[in-house]
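Novice: First the structure, then my questions, so here it is.
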Amino acid sequence: MSIPPPPGPQGQYPQGPYAPQWGHPLAPYPRPAPVSGLAVAAFVLGVLCFLPAVGLVLGLVALARIRRRGERGKGFAVAGCVLSSVGLALWTLTLSTGAAGDFWDGFRDAARGGGTAYSLEKGQCFTTPSGSLQGVTYDVDEVPCAREHDGEVFASFDLPDGSYPGDGEITRAADDRCYALQDAYAMDRWALPTDVDVYYLTPTAASWRTGDREITCLFGNTDERGTLTGSLRNDGARFDADQHTYLLAEGYLNRAMDEVPAAEAVEDDLAGYRTWAGQVSEALRGEVAMLDGHEWPAGAERPVAALTDDLRSAQEEWGLAAKAADLDAYYEHYGKGYDLVVADSTVTARKALGLATTPPDYEGGEGGGDDPGVEV
């Protein structure tokens, strides 16, 4: 029977003739010098032509550190410097010739190719994946307006270049312009269904960085899950000369009504409501002048004359509301003026001219919902 050798320190046994002396560990194998991380980073940036100025700086710093510390990777550092220098020269040439702008324009045009919110044009109808015109959307499906749809585009416009103005500023611009542009597409607001209002697609901070400046104005259902069927387009080409003149005159009042102050109660912004009343008064003055200046057909002459009488009286009442010294005086003249602009004489004149006879809800104000904007 063999007897094992006595144990070494900590109860371990030497392992044959190559066992180390206790207390003297084996010397490690010699290790190669590390590769410079800066050199690798410079090479990667040079190959990708991404941030070429940074790649050049990293390459030069890497070369200095390699000489000082004996690191490996000189080839990576030299290649990174060369490639970054070429990339920097190309970037400089691109910016000086405007090629960068052409690139982003091409990118945006490609995005507009179809299936995205960017591809929508005036007169098109569409559906969204969520069936809602609130929140953020990128994909839309164009459908014939005769089919059920979520929105119908009636106008678009571009915001000026510059830094992203912020969600609030973009919403204000969309509100102001879209409500003003709707009459060119749907000239007779009385012909719009009562559950239809103005919405819009706006740029996001991310799409702004790719050159997106477009706001798309559209009609949608005020019920978040409601839909539309059939086109709402009724522009000037669809009316005769008398109808067209009447609608142009009525447009003065429509646009003034759109400017109602944001405050829900007059007592919260009496000054703002007085200013608005003055705008309505001036709009009525313009409407009366246009109606008086047109020669109406025999069947519509008397109804239009009766309407202008009411509008003159309404113009006076709104003017007095604009000068009201207190809330009671404002409400008194506002009430009289409002009743006169929605009087039966308007319906009678419209009926005589063959126009829609269901009045819009002026008291509903703008928007029809909490958030008429959709970001794209």
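FYI, nothing fancy with the structure tokens labels: chains A, B, ... in order, residues from 1 per chain, ligands from 1 as they appear.
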Do a neighbour search on Tyr334 (chain A) at 10 Å with only C-alpha atoms, toss out local chain neighbours closer than 4 positions, and write the hits as a PyMOL selection string.

Specialist: chain A and resi 273-274+277+314+317-322+324+328-330+338-340

Novice: For the strand (DSSP E) assignment from backbone DSSP, which residues of region 189-268 of chain A qualify? Please present them as a ChimeraX atom specification.

Specialist: /A:196-202,214-221,228-229

Novice: Would you compute the distance between CA of Gly220 (chain A) and CA of Val143 (chain A)? Give it in Å to one decimal.

Specialist: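 Taking CA of Gly220 (chain A) as the start and CA of Val143 (chain A) as the end point, the length is 14.4 Å.
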
Novice: Would you list, as a list in words, the residues of region 190-272 of chain A that end up in alpha helix (DSSP H) under DSSP run on this structure's backbone?

Specialist: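 Here is the list: Ala205, Ala206, Ser207, Trp208, Arg209, Ala241, Asp242, Gln243, His244, Thr245, Tyr246, Leu247, Leu248, Ala249, Glu250, Gly251, Tyr252, Leu253, Asn254, Arg255, Ala256, Met257, Leu270, Ala271 and Gly272 of chain A.
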
Novice: Compile the contact shell of region 282-288 of chain A as a PyMOL selection string: residues with an atom at most 12 Å away, counting only C-alpha atoms, same-chain residues fewer than 3 positions apart removed.

Specialist: chain A and resi 245-259+275-279+291-294+304-320+322+337-338+340-341
